[in-house]
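Visitor: Below is the file model_9.tsv, with TSV, C-alpha atoms.
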```tsv
chain	number	residue	atom	x	y	z
P	219	MET	CA	14.65	15.47	-15.02
P	220	ARG	CA	13.95	16.06	-11.34
P	221	PHE	CA	10.52	15.65	-9.83
P	222	GLY	CA	8.85	15.76	-6.46
P	223	THR	CA	5.96	17.38	-4.63
P	224	GLN	CA	5.36	20.89	-3.43
P	225	ASP	CA	2.50	21.32	-0.97
P	226	GLY	CA	1.46	17.80	-2.01
P	227	ARG	CA	1.28	18.58	-5.75
P	228	PHE	CA	3.40	16.95	-8.42
P	229	VAL	CA	6.17	19.29	-9.64
P	230	LEU	CA	9.27	19.37	-11.80
P	231	LEU	CA	12.41	21.03	-10.46
P	232	ALA	CA	15.32	22.65	-12.28
P	233	GLU	CA	17.93	25.26	-11.45
P	234	GLY	CA	16.28	26.52	-8.30
P	235	ARG	CA	12.82	26.65	-9.80
P	236	VAL	CA	9.68	24.58	-9.33
P	237	LEU	CA	7.01	23.96	-11.96
P	238	ASP	CA	3.49	22.78	-11.03
P	239	VAL	CA	2.76	20.15	-13.69
P	240	HIS	CA	-1.02	20.18	-13.43
P	241	ALA	CA	-1.18	23.95	-13.78
P	242	ALA	CA	1.53	24.26	-16.44
P	243	SER	CA	-0.11	21.53	-18.56
P	244	GLY	CA	-3.36	23.46	-18.56
P	245	GLY	CA	-4.95	20.86	-16.32
P	246	ASP	CA	-4.12	17.96	-18.64
P	247	LEU	CA	-1.66	16.18	-16.36
P	248	PRO	CA	-2.60	15.18	-12.80
P	249	GLN	CA	-1.52	16.92	-9.64
P	250	GLU	CA	-1.45	13.66	-7.67
P	251	PRO	CA	1.95	11.96	-7.97
P	252	VAL	CA	0.76	8.35	-8.36
P	253	ALA	CA	-1.66	9.48	-11.06
P	254	ALA	CA	1.25	11.28	-12.73
P	255	LEU	CA	3.34	8.09	-12.62
P	256	GLU	CA	0.52	6.31	-14.45
P	257	ARG	CA	0.90	8.81	-17.29
P	258	TRP	CA	4.67	8.82	-17.25
P	259	ASP	CA	5.18	8.93	-21.02
P	260	ASP	CA	2.95	12.02	-21.17
P	261	VAL	CA	4.81	13.59	-18.25
P	262	ARG	CA	8.17	13.02	-19.97
P	263	ALA	CA	6.84	14.45	-23.24
P	264	PHE	CA	5.47	17.48	-21.37
P	265	ALA	CA	8.77	17.99	-19.55
P	266	ALA	CA	10.76	17.91	-22.77
P	267	SER	CA	9.14	21.10	-24.01
P	268	ALA	CA	7.52	22.60	-20.92
P	269	ASP	CA	7.06	26.33	-20.58
P	270	TRP	CA	8.77	27.34	-17.34
P	271	THR	CA	7.45	30.91	-17.39
P	272	ALA	CA	5.10	30.25	-14.49
P	273	ALA	CA	7.71	28.40	-12.41
P	274	GLU	CA	8.23	29.51	-8.81
P	275	ALA	CA	11.47	29.96	-6.92
P	276	LEU	CA	12.48	26.87	-4.98
P	277	ASP	CA	11.48	26.95	-1.30
P	278	GLN	CA	12.84	23.77	0.27
P	279	SER	CA	10.40	23.98	3.16
P	280	ARG	CA	7.47	23.38	0.79
P	281	LEU	CA	8.87	20.15	-0.69
P	282	GLY	CA	7.40	16.89	0.53
P	283	PRO	CA	8.11	13.28	-0.33
P	284	PRO	CA	8.39	12.70	-4.11
P	285	VAL	CA	5.53	10.17	-3.78
P	286	PRO	CA	3.52	10.79	-0.60
P	287	HIS	CA	1.09	7.88	-1.11
P	288	PRO	CA	2.83	5.05	-2.92
P	289	ARG	CA	0.64	2.02	-3.65
P	290	GLN	CA	3.19	-0.34	-2.17
P	291	VAL	CA	6.65	-0.13	-0.67
P	292	PHE	CA	9.16	-2.93	-1.13
P	293	ALA	CA	12.06	-2.79	1.31
P	294	VAL	CA	15.12	-4.98	0.98
P	295	ALA	CA	16.75	-6.11	4.23
P	296	LEU	CA	20.38	-7.01	4.80
P	297	ASN	CA	21.40	-6.08	1.28
P	298	TYR	CA	24.41	-4.14	2.60
P	299	ARG	CA	26.85	-6.73	3.80
P	300	PRO	CA	28.71	-4.71	6.46
P	301	HIS	CA	25.34	-3.80	8.01
P	302	ALA	CA	24.19	-7.42	7.96
P	303	ALA	CA	27.33	-8.40	9.84
P	304	GLU	CA	26.89	-5.49	12.28
P	305	ALA	CA	23.34	-6.69	12.96
P	306	GLY	CA	24.54	-10.22	13.59
P	307	TYR	CA	23.06	-11.77	10.45
P	308	VAL	CA	24.61	-13.86	7.74
P	309	PRO	CA	23.97	-12.02	4.45
P	310	PRO	CA	21.08	-13.89	2.80
P	311	GLU	CA	21.39	-15.62	-0.57
P	312	ALA	CA	18.24	-13.87	-1.81
P	313	PRO	CA	16.98	-10.49	-0.60
P	314	LEU	CA	14.73	-10.53	2.47
P	315	LEU	CA	11.77	-8.41	1.50
P	316	PHE	CA	9.50	-6.54	3.92
P	317	THR	CA	7.37	-3.44	3.65
P	318	LYS	CA	7.31	-0.06	5.25
P	319	PHE	CA	3.56	0.58	5.46
P	320	PRO	CA	2.82	3.62	3.27
P	321	THR	CA	1.44	5.74	6.12
P	322	CYS	CA	5.02	5.99	7.46
P	323	ILE	CA	6.12	8.03	4.45
P	324	THR	CA	7.04	11.64	5.16
P	325	GLY	CA	9.11	14.36	3.53
P	326	PRO	CA	12.78	15.26	3.76
P	327	VAL	CA	12.23	17.66	6.66
P	328	ALA	CA	9.99	16.24	9.35
P	329	THR	CA	9.61	16.03	13.09
P	330	VAL	CA	9.29	12.36	13.98
P	331	GLU	CA	7.93	11.39	17.36
P	332	LEU	CA	10.10	8.55	18.63
P	333	PRO	CA	8.21	5.67	20.21
P	334	GLU	CA	9.48	3.77	23.22
P	335	GLY	CA	12.02	1.08	22.53
P	336	LYS	CA	15.21	1.35	20.54
P	337	VAL	CA	14.93	3.56	17.48
P	338	ASP	CA	17.63	3.17	14.86
P	339	TRP	CA	18.13	4.58	11.38
P	340	GLU	CA	19.70	3.67	8.07
P	341	ILE	CA	20.24	5.74	4.94
P	342	GLU	CA	18.65	4.19	1.86
P	343	VAL	CA	18.56	4.50	-1.91
P	344	VAL	CA	14.87	4.69	-2.86
P	345	ALA	CA	13.60	3.73	-6.31
P	346	VAL	CA	10.30	5.23	-7.43
P	347	ILE	CA	8.63	2.60	-9.60
P	348	GLY	CA	6.84	4.15	-12.55
P	349	ARG	CA	5.86	1.78	-15.30
P	350	GLY	CA	6.57	-1.24	-13.14
P	351	GLY	CA	6.06	-4.76	-14.46
P	352	TYR	CA	6.11	-8.42	-13.53
P	353	ARG	CA	8.80	-11.02	-14.11
P	354	LEU	CA	11.01	-8.45	-15.79
P	355	GLY	CA	14.50	-9.37	-16.88
P	356	LYS	CA	17.50	-7.38	-15.67
P	357	ALA	CA	17.71	-5.60	-19.03
P	358	GLN	CA	14.19	-4.22	-18.57
P	359	ALA	CA	14.59	-3.20	-14.93
P	360	TRP	CA	15.53	0.45	-15.41
P	361	ASP	CA	12.58	0.90	-17.76
P	362	ALA	CA	10.30	0.23	-14.79
P	363	VAL	CA	11.90	2.94	-12.64
P	364	ALA	CA	10.66	6.54	-12.81
P	365	GLY	CA	13.32	7.95	-10.54
P	366	ILE	CA	15.77	7.57	-7.71
P	367	THR	CA	15.58	9.49	-4.46
P	368	CYS	CA	17.01	8.99	-1.01
P	369	GLY	CA	15.38	8.16	2.23
P	370	GLN	CA	15.81	6.96	5.75
P	371	ASP	CA	14.64	3.64	7.08
P	372	LEU	CA	13.79	4.29	10.71
P	373	SER	CA	13.22	1.19	12.81
P	374	GLU	CA	12.16	0.51	16.36
P	375	ARG	CA	14.22	-2.59	16.88
P	376	VAL	CA	12.29	-4.15	19.78
P	377	LEU	CA	9.03	-4.36	17.82
P	378	GLN	CA	10.87	-5.16	14.59
P	379	LEU	CA	12.46	-8.23	16.18
P	380	ALA	CA	9.54	-9.40	18.34
P	381	GLY	CA	8.16	-12.89	17.72
P	382	THR	CA	9.40	-15.86	15.74
P	383	PRO	CA	10.01	-15.48	12.87
P	384	ALA	CA	10.18	-11.73	13.52
P	385	GLN	CA	8.23	-9.73	10.94
P	386	PHE	CA	10.11	-6.48	10.39
P	387	SER	CA	7.42	-4.30	8.83
P	388	LEU	CA	5.39	-2.96	11.74
P	389	GLY	CA	8.40	-1.77	13.78
P	390	LYS	CA	9.58	0.08	10.67
P	391	SER	CA	6.28	1.86	10.06
P	392	TYR	CA	5.57	4.28	12.89
P	393	PRO	CA	4.35	7.65	11.58
P	394	GLY	CA	7.30	9.50	10.08
P	395	PHE	CA	9.53	6.42	9.91
P	396	GLY	CA	9.95	6.80	6.13
P	397	PRO	CA	11.44	10.22	5.29
P	398	THR	CA	12.10	10.55	1.55
P	399	GLY	CA	13.15	13.25	-0.86
P	400	PRO	CA	13.45	16.12	-1.42
P	401	VAL	CA	13.59	15.24	-5.13
P	402	ALA	CA	13.71	12.20	-7.38
P	403	VAL	CA	16.01	12.08	-10.39
P	404	THR	CA	15.11	10.15	-13.54
P	405	PRO	CA	17.57	7.38	-14.42
P	406	ASP	CA	18.81	9.18	-17.55
P	407	ASP	CA	19.99	12.07	-15.38
P	408	LEU	CA	21.84	9.99	-12.82
P	409	PRO	CA	25.60	10.47	-12.75
P	410	ARG	CA	27.47	7.81	-14.71
P	411	ARG	CA	30.38	5.97	-13.18
B	97	MET	CA	-25.51	-2.18	4.88
B	98	ARG	CA	-23.62	-4.24	2.33
B	99	PHE	CA	-21.10	-2.72	-0.03
B	100	GLY	CA	-18.64	-3.82	-2.67
B	101	THR	CA	-17.62	-3.14	-6.24
B	102	GLN	CA	-19.27	-3.93	-9.55
B	103	ASP	CA	-17.06	-3.55	-12.61
B	104	GLY	CA	-14.66	-1.69	-10.28
B	105	ARG	CA	-17.22	0.88	-9.10
B	106	PHE	CA	-18.37	1.34	-5.54
B	107	VAL	CA	-21.86	-0.11	-5.00
B	108	LEU	CA	-24.38	-0.90	-2.28
B	109	LEU	CA	-26.11	-4.27	-2.32
B	110	ALA	CA	-29.49	-5.34	-0.92
B	111	GLU	CA	-31.98	-8.08	-1.66
B	112	GLY	CA	-30.47	-9.16	-4.93
B	113	ARG	CA	-30.00	-5.63	-6.21
B	114	VAL	CA	-26.96	-3.46	-6.79
B	115	LEU	CA	-26.88	0.35	-6.58
B	116	ASP	CA	-24.08	2.40	-8.18
B	117	VAL	CA	-23.35	5.01	-5.52
B	118	HIS	CA	-21.69	7.58	-7.76
B	119	ALA	CA	-24.57	7.54	-10.24
B	120	ALA	CA	-27.36	7.34	-7.65
B	121	SER	CA	-25.88	10.26	-5.69
B	122	GLY	CA	-25.96	12.42	-8.81
B	123	GLY	CA	-22.19	12.33	-9.00
B	124	ASP	CA	-21.69	13.62	-5.46
B	125	LEU	CA	-20.15	10.48	-4.00
B	126	PRO	CA	-17.08	8.87	-5.55
B	127	GLN	CA	-17.02	5.73	-7.65
B	128	GLU	CA	-13.58	4.72	-6.36
B	129	PRO	CA	-13.90	2.64	-3.18
B	130	VAL	CA	-11.01	4.17	-1.20
B	131	ALA	CA	-12.34	7.64	-2.00
B	132	ALA	CA	-15.76	6.46	-0.80
B	133	LEU	CA	-14.24	5.23	2.45
B	134	GLU	CA	-12.81	8.71	2.99
B	135	ARG	CA	-16.34	10.08	2.87
B	136	TRP	CA	-17.86	7.32	4.94
B	137	ASP	CA	-20.25	9.48	6.97
B	138	ASP	CA	-21.66	10.86	3.73
B	139	VAL	CA	-21.93	7.36	2.26
B	140	ARG	CA	-23.84	6.14	5.32
B	141	ALA	CA	-26.16	9.15	5.20
B	142	PHE	CA	-26.76	8.57	1.49
B	143	ALA	CA	-27.46	4.88	2.09
B	144	ALA	CA	-30.00	5.63	4.81
B	145	SER	CA	-32.34	7.31	2.34
B	146	ALA	CA	-31.06	6.21	-1.06
B	147	ASP	CA	-33.42	5.91	-3.99
B	148	TRP	CA	-33.02	2.36	-5.30
B	149	THR	CA	-35.13	2.95	-8.43
B	150	ALA	CA	-32.08	2.75	-10.69
B	151	ALA	CA	-30.65	-0.36	-8.98
B	152	GLU	CA	-29.67	-3.29	-11.18
B	153	ALA	CA	-30.28	-6.99	-10.61
B	154	LEU	CA	-27.35	-8.69	-8.89
B	155	ASP	CA	-24.98	-10.48	-11.26
B	156	GLN	CA	-22.34	-12.17	-9.11
B	157	SER	CA	-19.91	-12.39	-12.00
B	158	ARG	CA	-19.61	-8.59	-12.08
B	159	LEU	CA	-18.63	-8.25	-8.41
B	160	GLY	CA	-14.98	-7.63	-7.60
B	161	PRO	CA	-13.12	-7.17	-4.34
B	162	PRO	CA	-14.92	-4.74	-1.98
B	163	VAL	CA	-11.74	-2.61	-2.00
B	164	PRO	CA	-9.60	-3.37	-5.07
B	165	HIS	CA	-6.79	-0.93	-4.21
B	166	PRO	CA	-6.44	-0.65	-0.43
B	167	ARG	CA	-3.76	1.77	0.74
B	168	GLN	CA	-2.25	-0.82	3.04
B	169	VAL	CA	-2.98	-4.37	4.10
B	170	PHE	CA	-2.21	-5.57	7.61
B	171	ALA	CA	-2.14	-9.34	7.94
B	172	VAL	CA	-1.94	-11.10	11.29
B	173	ALA	CA	0.00	-14.35	11.40
B	174	LEU	CA	-0.46	-17.28	13.74
B	175	ASN	CA	-3.53	-15.77	15.37
B	176	TYR	CA	-5.42	-19.05	15.09
B	177	ARG	CA	-3.86	-21.38	17.61
B	178	PRO	CA	-4.62	-24.73	15.96
B	179	HIS	CA	-3.05	-23.44	12.74
B	180	ALA	CA	0.01	-22.17	14.58
B	181	ALA	CA	0.49	-25.63	16.07
B	182	GLU	CA	-0.07	-27.25	12.67
B	183	ALA	CA	2.62	-25.00	11.18
B	184	GLY	CA	5.04	-25.92	13.95
B	185	TYR	CA	5.03	-22.54	15.71
B	186	VAL	CA	4.41	-21.59	19.31
B	187	PRO	CA	1.50	-19.11	19.28
B	188	PRO	CA	3.11	-15.67	19.73
B	189	GLU	CA	2.38	-13.42	22.72
B	190	ALA	CA	1.69	-10.48	20.40
B	191	PRO	CA	0.42	-10.76	16.82
B	192	LEU	CA	3.05	-11.21	14.12
B	193	LEU	CA	2.18	-8.63	11.51
B	194	PHE	CA	3.08	-8.82	7.82
B	195	THR	CA	1.54	-7.44	4.65
B	196	LYS	CA	-0.01	-8.87	1.55
B	197	PHE	CA	1.17	-6.37	-1.05
B	198	PRO	CA	-1.96	-4.69	-2.47
B	199	THR	CA	-1.37	-5.85	-6.05
B	200	CYS	CA	-2.25	-9.40	-4.87
B	201	ILE	CA	-5.86	-8.39	-4.17
B	202	THR	CA	-8.45	-9.93	-6.45
B	203	GLY	CA	-12.17	-10.63	-6.35
B	204	PRO	CA	-14.20	-13.55	-5.05
B	205	VAL	CA	-14.12	-15.39	-8.39
B	206	ALA	CA	-10.69	-15.45	-9.96
B	207	THR	CA	-8.31	-17.68	-11.83
B	208	VAL	CA	-5.02	-17.65	-9.95
B	209	GLU	CA	-1.87	-18.83	-11.68
B	210	LEU	CA	0.01	-20.95	-9.17
B	211	PRO	CA	3.76	-20.32	-9.04
B	212	GLU	CA	6.29	-23.06	-8.50
B	213	GLY	CA	6.85	-24.13	-4.92
B	214	LYS	CA	4.26	-25.15	-2.37
B	215	VAL	CA	1.06	-23.10	-2.56
B	216	ASP	CA	-1.19	-23.23	0.48
B	217	TRP	CA	-4.35	-21.39	1.46
B	218	GLU	CA	-6.17	-20.20	4.57
B	219	ILE	CA	-9.63	-18.71	4.95
B	220	GLU	CA	-9.59	-15.30	6.61
B	221	VAL	CA	-11.86	-12.71	8.16
B	222	VAL	CA	-11.02	-9.40	6.47
B	223	ALA	CA	-11.73	-6.02	8.07
B	224	VAL	CA	-12.11	-3.04	5.75
B	225	ILE	CA	-10.70	-0.06	7.64
B	226	GLY	CA	-12.73	3.07	7.02
B	227	ARG	CA	-12.16	5.91	9.42
B	228	GLY	CA	-9.03	4.26	10.83
B	229	GLY	CA	-7.03	5.95	13.56
B	230	TYR	CA	-3.88	5.68	15.62
B	231	ARG	CA	-3.39	4.40	19.16
B	232	LEU	CA	-7.08	3.66	19.45
B	233	GLY	CA	-8.45	1.96	22.54
B	234	LYS	CA	-10.44	-1.25	22.27
B	235	ALA	CA	-13.68	0.67	22.78
B	236	GLN	CA	-12.98	2.76	19.67
B	237	ALA	CA	-11.88	-0.11	17.46
B	238	TRP	CA	-15.18	-0.88	15.74
B	239	ASP	CA	-15.59	2.79	14.93
B	240	ALA	CA	-12.54	2.52	12.70
B	241	VAL	CA	-13.97	-0.40	10.71
B	242	ALA	CA	-16.17	0.21	7.66
B	243	GLY	CA	-17.03	-3.41	7.10
B	244	ILE	CA	-16.18	-7.08	7.34
B	245	THR	CA	-15.69	-9.37	4.38
B	246	CYS	CA	-14.00	-12.68	3.84
B	247	GLY	CA	-10.93	-13.62	1.93
B	248	GLN	CA	-8.29	-16.18	1.30
B	249	ASP	CA	-4.65	-15.87	2.24
B	250	LEU	CA	-2.77	-17.78	-0.42
B	251	SER	CA	0.88	-18.43	0.35
B	252	GLU	CA	3.77	-19.98	-1.49
B	253	ARG	CA	5.49	-21.50	1.53
B	254	VAL	CA	9.01	-21.89	0.09
B	255	LEU	CA	9.41	-18.17	-0.63
B	256	GLN	CA	7.46	-17.22	2.50
B	257	LEU	CA	9.92	-19.10	4.69
B	258	ALA	CA	13.14	-18.30	2.82
B	259	GLY	CA	15.90	-16.49	4.70
B	260	THR	CA	16.47	-15.72	8.36
B	261	PRO	CA	14.34	-14.26	9.83
B	262	ALA	CA	11.91	-15.24	7.07
B	263	GLN	CA	9.81	-12.31	5.88
B	264	PHE	CA	6.39	-13.67	4.99
B	265	SER	CA	5.01	-10.90	2.78
B	266	LEU	CA	6.47	-11.56	-0.67
B	267	GLY	CA	5.52	-15.25	-0.77
B	268	LYS	CA	1.97	-14.22	0.10
B	269	SER	CA	1.67	-11.61	-2.62
B	270	TYR	CA	1.79	-13.27	-6.04
B	271	PRO	CA	-0.90	-11.87	-8.36
B	272	GLY	CA	-4.27	-13.21	-7.24
B	273	PHE	CA	-3.04	-14.38	-3.83
B	274	GLY	CA	-5.59	-12.16	-2.02
B	275	PRO	CA	-9.14	-13.06	-3.12
B	276	THR	CA	-11.73	-11.03	-1.18
B	277	GLY	CA	-15.45	-10.45	-1.25
B	278	PRO	CA	-17.97	-10.61	-2.79
B	279	VAL	CA	-19.45	-8.10	-0.31
B	280	ALA	CA	-18.53	-6.30	2.90
B	281	VAL	CA	-21.04	-5.93	5.72
B	282	THR	CA	-21.01	-2.92	8.04
B	283	PRO	CA	-20.46	-3.80	11.71
B	284	ASP	CA	-24.01	-2.78	12.68
B	285	ASP	CA	-25.40	-5.43	10.34
B	286	LEU	CA	-23.22	-8.28	11.53
B	287	PRO	CA	-25.07	-11.11	13.27
B	288	ARG	CA	-24.96	-10.82	17.08
B	289	ARG	CA	-23.95	-13.78	19.17
```
Show me the file's structure as structure tokens.

Guide:
Amino acid sequence: MRFGTQDGRFVLLAEGRVLDVHAASGGDLPQEPVAALERWDDVRAFAASADWTAAEALDQSRLGPPVPHPRQVFAVALNYRPHAAEAGYVPPEAPLLFTKFPTCITGPVATVELPEGKVDWEIEVVAVIGRGGYRLGKAQAWDAVAGITCGQDLSERVLQLAGTPAQFSLGKSYPGFGPTGPVAVTPDDLPRR
Amino acid sequence: MRFGTQDGRFVLLAEGRVLDVHAASGGDLPQEPVAALERWDDVRAFAASADWTAAEALDQSRLGPPVPHPRQVFAVALNYRPHAAEAGYVPPEAPLLFTKFPTCITGPVATVELPEGKVDWEIEVVAVIGRGGYRLGKAQAWDAVAGITCGQDLSERVLQLAGTPAQFSLGKSYPGFGPTGPVAVTPDDLPRR
């Protein structure tokens, strides 16, 4: 199953068509993506037998970030060893975890005003947490994930690295510094190796 | 004006009484605090002439955090010079900015399970951002603030300081590590020096 937002509303996507979940569920399911994630079992049940009669043709320009207002964003630094080396860091034993403040989130097609300094970018795998949890074991991890999308992690390196110990988050959170989308794919529909 | 939450609902507080804003506004104003902050001018106008007939007696045990689910939390490190020295840091030229992930927020009376490691605490002034803004000048800053409350910044120092450069946020975000409240006070009602 593929999901995302169209004009800010939670939608399913399939074969070049887009289905507004709130409308197609007769108003039962929410139009706000975080609210939809909170009713994920209902969303999956709806999707399994949804009536696509009212679906619209896909117009990429109307798609926004799969989750425009996530409650929290966990970003893992230096997890890609060649990049850690490139940046002059020893790969850490445990992940370094910062945030990209949620107001930086934007869609897959965006004009981002670059601040002064040294703006850099990295391509990221982005996990949309659905059910979530706390102190989960590895075997339960995928159960907590609603979908996978892609994104960019834009950084202004001067601000990111200012101070001791440098706190990465602010320099990674200018408006537009978190493009994501256009769609998220549920784990069961990811390609298998 | 003093505001907060009672049983999770947005309330005003005065002279030992608590007014449910959603109910007292005939359902016009929201019961969810972030939604209320988005209609702050309306909330202030309502408060100026609110009918307190239906207000309840204050029961401190029912008060939660003034904003249980803030969209983002900006935390400023080493801004208090004696603490910076105590922690072995040179006070930075610009504020070091991290987050406390919003799921750590709890109310003024809470039982917090302490994780392994070295848990520490600091008392904080907490600003509730209402209108907000971007690239504001100093003269506009108070306009962006809905209220001031107090809080604690609990930290587990081992995780906070793990890795290079240590990213503070995760070690400061265990469940319950952000007690706030019980009430927020609007800037116009703060004591003047």

Visitor: Only residues of chain B matter here; which ones have an atom within 9 Å of chain P, counting all atoms listed in the file? Give them as a list in words.

Guide: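 Output check: His165, Pro166, Arg167, Gln168, Val169, Phe170, Tyr185, Val186, Pro188, Glu189, Ala190, Pro191, Leu192, Leu193, Phe194, Thr195, Phe197, Pro198, Thr199, Leu257, Ala258, Gly259, Thr260, Pro261, Ala262, Gln263, Phe264, Ser265 and Leu266 of chain B.
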
Visitor: Quick one: of B:Thr202, B:Thr282, B:Gly228, B:Ala132, who's nearest to Thr245 in chain B, counting all atoms listed in the file?

Guide: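 Comparing B:Thr202, B:Thr282, B:Gly228, B:Ala132 against Thr245 in chain B, the winner is B:Thr282.
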
Visitor: Got a sec: who's within 10 Å of Val327 in chain P, counting all atoms listed in the file, leaving out chain neighbours fewer than 5 positions off, as a compact mmCIF listing (two decimals) with C-alpha atoms, in the coordinates of the input?

Guide:
```txt
# COMPACT_ATOMS: atom_id res chain seq x y z
CA GLN P 278 12.84 23.77 0.27
CA SER P 279 10.40 23.98 3.16
CA ARG P 280 7.47 23.38 0.79
CA LEU P 281 8.87 20.15 -0.69
CA GLY P 282 7.40 16.89 0.53
CA PRO P 283 8.11 13.28 -0.33
CA PRO P 397 11.44 10.22 5.29
CA THR P 398 12.10 10.55 1.55
CA GLY P 399 13.15 13.25 -0.86
CA PRO P 400 13.45 16.12 -1.42
```

Visitor: Which of these, P:Leu276, P:Ala362, P:Ala305, P:Val344, has the shortest distance to Asp238 in chain P once you count only C-alpha atoms?

Guide: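 Looking only at the distances to Asp238 in chain P, the closest residue turns out to be P:Leu276.
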
Visitor: If you measure from CA of Pro164 in chain B to CA of Ile201 in chain B, what distance in Å do you get, rounded to one decimal?

Guide: 6.3 Å

Visitor: As a list in words, please: the residues near Gly335 in chain P (cut-off 9 Å, all atoms listed in the file, same-chain neighbours under 4 positions excluded).

Guide: Glu374, Arg375, Val376 and Leu377 of chain P

Visitor: Rebuild N, CA, C and O atoms on range 128-142 of chain B, as an mmCIF file, in the frame of the given file?

Guide:
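Written file, part-v6.cif:
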```
data_model
loop_
_atom_site.group_PDB
_atom_site.id
_atom_site.type_symbol
_atom_site.label_atom_id
_atom_site.label_comp_id
_atom_site.auth_asym_id
_atom_site.auth_seq_id
_atom_site.Cartn_x
_atom_site.Cartn_y
_atom_site.Cartn_z
ATOM 1 N N GLU B 128 -14.769 5.474 -6.760
ATOM 2 C CA GLU B 128 -13.580 4.720 -6.360
ATOM 3 C C GLU B 128 -13.732 4.366 -4.873
ATOM 4 O O GLU B 128 -13.962 5.241 -4.041
ATOM 5 N N PRO B 129 -13.607 3.078 -4.542
ATOM 6 C CA PRO B 129 -13.900 2.640 -3.180
ATOM 7 C C PRO B 129 -13.091 3.321 -2.070
ATOM 8 O O PRO B 129 -13.645 3.657 -1.025
ATOM 9 N N VAL B 130 -11.784 3.523 -2.271
ATOM 10 C CA VAL B 130 -11.010 4.170 -1.200
ATOM 11 C C VAL B 130 -11.485 5.610 -1.005
ATOM 12 O O VAL B 130 -11.593 6.105 0.122
ATOM 13 N N ALA B 131 -11.808 6.284 -2.110
ATOM 14 C CA ALA B 131 -12.340 7.640 -2.000
ATOM 15 C C ALA B 131 -13.694 7.621 -1.275
ATOM 16 O O ALA B 131 -14.002 8.530 -0.492
ATOM 17 N N ALA B 132 -14.486 6.578 -1.510
ATOM 18 C CA ALA B 132 -15.760 6.460 -0.800
ATOM 19 C C ALA B 132 -15.542 6.240 0.697
ATOM 20 O O ALA B 132 -16.258 6.806 1.531
ATOM 21 N N LEU B 133 -14.534 5.458 1.033
ATOM 22 C CA LEU B 133 -14.240 5.230 2.450
ATOM 23 C C LEU B 133 -13.837 6.521 3.149
ATOM 24 O O LEU B 133 -14.101 6.708 4.338
ATOM 25 N N GLU B 134 -13.210 7.420 2.406
ATOM 26 C CA GLU B 134 -12.810 8.710 2.990
ATOM 27 C C GLU B 134 -14.013 9.610 3.251
ATOM 28 O O GLU B 134 -13.895 10.601 3.967
ATOM 29 N N ARG B 135 -15.122 9.292 2.630
ATOM 30 C CA ARG B 135 -16.340 10.080 2.870
ATOM 31 C C ARG B 135 -17.416 9.179 3.474
ATOM 32 O O ARG B 135 -18.576 9.223 3.070
ATOM 33 N N TRP B 136 -17.012 8.379 4.452
ATOM 34 C CA TRP B 136 -17.860 7.320 4.940
ATOM 35 C C TRP B 136 -19.139 7.823 5.605
ATOM 36 O O TRP B 136 -20.214 7.235 5.450
ATOM 37 N N ASP B 137 -19.035 8.925 6.348
ATOM 38 C CA ASP B 137 -20.250 9.480 6.970
ATOM 39 C C ASP B 137 -21.259 9.879 5.901
ATOM 40 O O ASP B 137 -22.464 9.638 6.049
ATOM 41 N N ASP B 138 -20.760 10.463 4.825
ATOM 42 C CA ASP B 138 -21.660 10.860 3.730
ATOM 43 C C ASP B 138 -22.260 9.626 3.046
ATOM 44 O O ASP B 138 -23.432 9.631 2.662
ATOM 45 N N VAL B 139 -21.436 8.590 2.894
ATOM 46 C CA VAL B 139 -21.930 7.360 2.260
ATOM 47 C C VAL B 139 -23.038 6.750 3.121
ATOM 48 O O VAL B 139 -24.092 6.342 2.606
ATOM 49 N N ARG B 140 -22.810 6.707 4.427
ATOM 50 C CA ARG B 140 -23.840 6.140 5.320
ATOM 51 C C ARG B 140 -25.120 6.974 5.284
ATOM 52 O O ARG B 140 -26.220 6.428 5.274
ATOM 53 N N ALA B 141 -24.973 8.283 5.257
ATOM 54 C CA ALA B 141 -26.160 9.150 5.200
ATOM 55 C C ALA B 141 -26.903 8.943 3.880
ATOM 56 O O ALA B 141 -28.135 8.851 3.860
ATOM 57 N N PHE B 142 -26.149 8.846 2.799
ATOM 58 C CA PHE B 142 -26.760 8.570 1.490
ATOM 59 C C PHE B 142 -27.513 7.242 1.527
ATOM 60 O O PHE B 142 -28.669 7.138 1.092
#
```
